[in-house]
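Structure file coords19.pdb with PDB, C-alpha atoms:
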MODEL        1
ATOM      1  CA  MET A  12     -28.683  12.826 -24.460
ATOM      2  CA  LEU A  13     -28.413  13.860 -20.825
ATOM      3  CA  ASP A  14     -25.766  12.470 -18.507
ATOM      4  CA  GLU A  15     -27.054  11.746 -15.031
ATOM      5  CA  LYS A  16     -24.516  12.621 -12.375
ATOM      6  CA  GLN A  17     -24.297  11.004  -8.991
ATOM      7  CA  LYS A  18     -22.082  11.827  -6.058
ATOM      8  CA  LEU A  19     -20.072   8.926  -4.729
ATOM      9  CA  GLU A  20     -18.121   8.620  -1.520
ATOM     10  CA  ILE A  21     -14.704   7.277  -2.579
ATOM     11  CA  SER A  22     -11.531   7.330  -0.516
ATOM     12  CA  GLN A  23      -8.398   8.949  -1.932
ATOM     13  CA  ASP A  24      -6.725   5.527  -2.100
ATOM     14  CA  ASP A  25      -9.642   4.086  -4.066
ATOM     15  CA  LEU A  26      -9.633   7.058  -6.429
ATOM     16  CA  ALA A  27      -5.886   6.652  -7.004
ATOM     17  CA  LEU A  28      -6.432   2.966  -7.795
ATOM     18  CA  ILE A  29      -9.233   3.777 -10.250
ATOM     19  CA  GLU A  30      -7.131   6.466 -11.902
ATOM     20  CA  ALA A  31      -4.159   4.086 -12.286
ATOM     21  CA  ALA A  32      -6.434   1.417 -13.789
ATOM     22  CA  LEU A  33      -7.813   3.950 -16.267
ATOM     23  CA  HIS A  34      -4.283   4.959 -17.289
ATOM     24  CA  THR A  35      -3.473   1.281 -17.922
ATOM     25  CA  GLN A  36      -6.692   0.837 -19.879
ATOM     26  CA  SER A  37      -5.832   3.942 -21.901
ATOM     27  CA  LYS A  38      -2.501   2.411 -22.928
ATOM     28  CA  ILE A  39      -4.153  -0.867 -23.937
ATOM     29  CA  LEU A  40      -6.827   0.928 -25.956
ATOM     30  CA  GLY A  41      -4.155   3.098 -27.588
ATOM     31  CA  VAL A  42      -2.389  -0.013 -28.894
ATOM     32  CA  GLN A  43      -5.674  -1.495 -30.093
ATOM     33  CA  ALA A  44      -6.686   1.764 -31.778
ATOM     34  CA  SER A  45      -3.328   2.053 -33.548
ATOM     35  CA  ALA A  46      -3.906  -1.444 -34.915
ATOM     36  CA  GLY A  47      -7.088  -0.199 -36.571
ATOM     37  CA  GLY A  48      -9.725  -0.876 -33.943
ATOM     38  CA  SER A  49     -12.397   1.778 -34.431
ATOM     39  CA  LYS A  50     -14.317   0.662 -31.337
ATOM     40  CA  ALA A  51     -11.099   0.921 -29.329
ATOM     41  CA  LEU A  52     -10.616   4.504 -30.495
ATOM     42  CA  GLY A  53     -14.077   5.491 -29.298
ATOM     43  CA  ARG A  54     -13.535   3.771 -25.983
ATOM     44  CA  LEU A  55     -10.099   5.398 -25.653
ATOM     45  CA  ASN A  56     -11.685   8.821 -26.069
ATOM     46  CA  ASP A  57     -14.197   7.969 -23.324
ATOM     47  CA  VAL A  58     -11.440   6.862 -20.945
ATOM     48  CA  LYS A  59      -9.388   9.995 -21.661
ATOM     49  CA  ARG A  60     -12.432  12.162 -20.981
ATOM     50  CA  VAL A  61     -12.965  10.500 -17.593
ATOM     51  CA  LEU A  62      -9.274  10.880 -16.728
ATOM     52  CA  ALA A  63      -9.437  14.573 -17.630
ATOM     53  CA  THR A  64     -12.502  15.007 -15.413
ATOM     54  CA  ILE A  65     -10.709  13.338 -12.496
ATOM     55  CA  ALA A  66      -7.628  15.522 -12.994
ATOM     56  CA  GLN A  67      -9.730  18.683 -13.212
ATOM     57  CA  GLN A  68     -11.655  17.889 -10.045
ATOM     58  CA  LYS A  69      -8.456  17.013  -8.170
ATOM     59  CA  THR A  70      -6.986  20.374  -9.214
ATOM     60  CA  LEU A  71     -10.109  22.248  -8.062
ATOM     61  CA  LYS A  72     -10.036  20.452  -4.726
ATOM     62  CA  ARG A  73      -6.368  21.368  -4.196
ATOM     63  CA  LYS A  74      -7.040  25.028  -5.026
ATOM     64  CA  THR A  75      -9.884  25.260  -2.516
ATOM     65  CA  ALA A  76      -7.866  23.507   0.218
ATOM     66  CA  ALA A  77      -4.645  25.505  -0.239
ATOM     67  CA  PRO A  78      -5.744  28.943   1.056
ATOM     68  CA  SER A  79      -6.761  27.665   4.492
ATOM     69  CA  THR A  80      -3.385  25.958   4.973
ATOM     70  CA  GLY A  81      -1.525  29.037   3.743
ATOM     71  CA  LEU A  82      -3.516  31.281   6.040
ATOM     72  CA  PHE A  83      -2.745  29.100   9.037
ATOM     73  CA  LEU A  84       0.966  29.035   8.267
ATOM     74  CA  SER A  85       1.159  32.782   7.701
ATOM     75  CA  MET A  86      -0.670  33.424  10.980
ATOM     76  CA  ALA A  87       1.725  31.067  12.753
ATOM     77  CA  ARG A  88       4.674  33.033  11.375
ATOM     78  CA  MET A  89       3.144  36.307  12.522
ATOM     79  CA  PHE A  90       2.568  35.157  16.076
ATOM     80  CA  GLY A  91       5.358  32.890  16.609
TER      81      GLY A  91
ENDMDL
END

Kindly return the structure encoded in the file as structure tokens.
Amino acid sequence: MLDEKQKLEISQDDLALIEAALHTQSKILGVQASAGGSKALGRLNDVKRVLATIAQQKTLKRKTAAPSTGLFLSMARMFG
């Protein structure tokens, strides 16, 4: 089964809201799964996978943005 991927334009505020909602959903599904809900366990795994993907992509974005800021600050220290 192939997963189709699409790029979406989402603001940082919207992404933070989605991430918070997924964390809440994860807690709800965790309670349901601990009560014996097998469907809840499967859904919980899906939600955790999406949260991990979001966290990974946020980390990659920070790593690519950091060098340019560091370079600017180090140049500012050198010249000023």

For range 26-37 of chain A, what centre and edge lengths in Å (one decimal) does the axis-aligned box get once 5 Å is added on each side of all its listed atoms, as AutoDock Vina command-line options?
--center_x -6.6 --center_y 3.9 --center_z -14.2 --size_x 16.2 --size_y 16.2 --size_z 25.5

### Message
For Ala31 in chain A, find every residue with an atom within 12 Å (counting all atoms listed in the file), except residues of its own chain fewer than 5 positions away, and show them as a ChimeraX atom specification.
### Response
/A:24-26,36-38,58,62,65-66

## Note on the structure
Pairwise distance, CA of Gly48 in chain A with CA of Ala63 in chain A, equals 22.5 Å

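With all atoms listed in the file as the atoms that count, the residue of A:Gln17, A:Asn56, A:Gln68, A:Ser49 with the shortest distance to Leu33 in chain A is A:Asn56.
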
### Message
Quick check, in Å to one decimal: how far apart do CA of Arg54 in chain A and CA of Lys69 in chain A lie?
### Response
22.8 Å

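Distance-wise, CA of Gln43 in chain A and CA of Ala27 in chain A end up 24.5 Å apart.
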
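Restricting the calculation to only C-alpha atoms, the smallest distance between Leu52 in chain A and any of A:Leu40, A:Leu19, A:Ile29, A:Leu71 is found for A:Leu40.
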
With N, CA and C atoms as the target, complete range 16-29 of chain A and hand it back as a short mmCIF file (atom, residue, chain, number, x, y, z; two decimals), in the coordinates of the input.
data_model
loop_
_atom_site.label_atom_id
_atom_site.label_comp_id
_atom_site.auth_asym_id
_atom_site.auth_seq_id
_atom_site.Cartn_x
_atom_site.Cartn_y
_atom_site.Cartn_z
N LYS A 16 -25.70 12.59 -13.24
CA LYS A 16 -24.52 12.62 -12.38
C LYS A 16 -24.92 12.22 -10.97
N GLN A 17 -24.09 11.42 -10.36
CA GLN A 17 -24.30 11.00 -8.99
C GLN A 17 -23.05 11.32 -8.20
N LYS A 18 -23.22 11.62 -6.93
CA LYS A 18 -22.08 11.83 -6.06
C LYS A 18 -21.78 10.51 -5.37
N LEU A 19 -20.50 10.16 -5.37
CA LEU A 19 -20.07 8.93 -4.73
C LEU A 19 -19.07 9.25 -3.64
N GLU A 20 -19.11 8.49 -2.58
CA GLU A 20 -18.12 8.62 -1.52
C GLU A 20 -17.01 7.62 -1.83
N ILE A 21 -15.84 8.12 -2.23
CA ILE A 21 -14.70 7.28 -2.58
C ILE A 21 -13.48 7.81 -1.84
N SER A 22 -12.73 6.90 -1.22
CA SER A 22 -11.53 7.33 -0.52
C SER A 22 -10.47 7.76 -1.53
N GLN A 23 -9.48 8.50 -1.06
CA GLN A 23 -8.40 8.95 -1.93
C GLN A 23 -7.62 7.76 -2.47
N ASP A 24 -7.43 6.73 -1.64
CA ASP A 24 -6.72 5.53 -2.10
C ASP A 24 -7.49 4.81 -3.21
N ASP A 25 -8.82 4.72 -3.04
CA ASP A 25 -9.64 4.09 -4.07
C ASP A 25 -9.61 4.89 -5.36
N LEU A 26 -9.67 6.20 -5.25
CA LEU A 26 -9.63 7.06 -6.43
C LEU A 26 -8.30 6.92 -7.15
N ALA A 27 -7.21 6.83 -6.39
CA ALA A 27 -5.89 6.65 -7.00
C ALA A 27 -5.81 5.32 -7.73
N LEU A 28 -6.41 4.28 -7.15
CA LEU A 28 -6.43 2.97 -7.80
C LEU A 28 -7.25 3.00 -9.09
N ILE A 29 -8.39 3.65 -9.06
CA ILE A 29 -9.23 3.78 -10.25
C ILE A 29 -8.51 4.56 -11.33
#
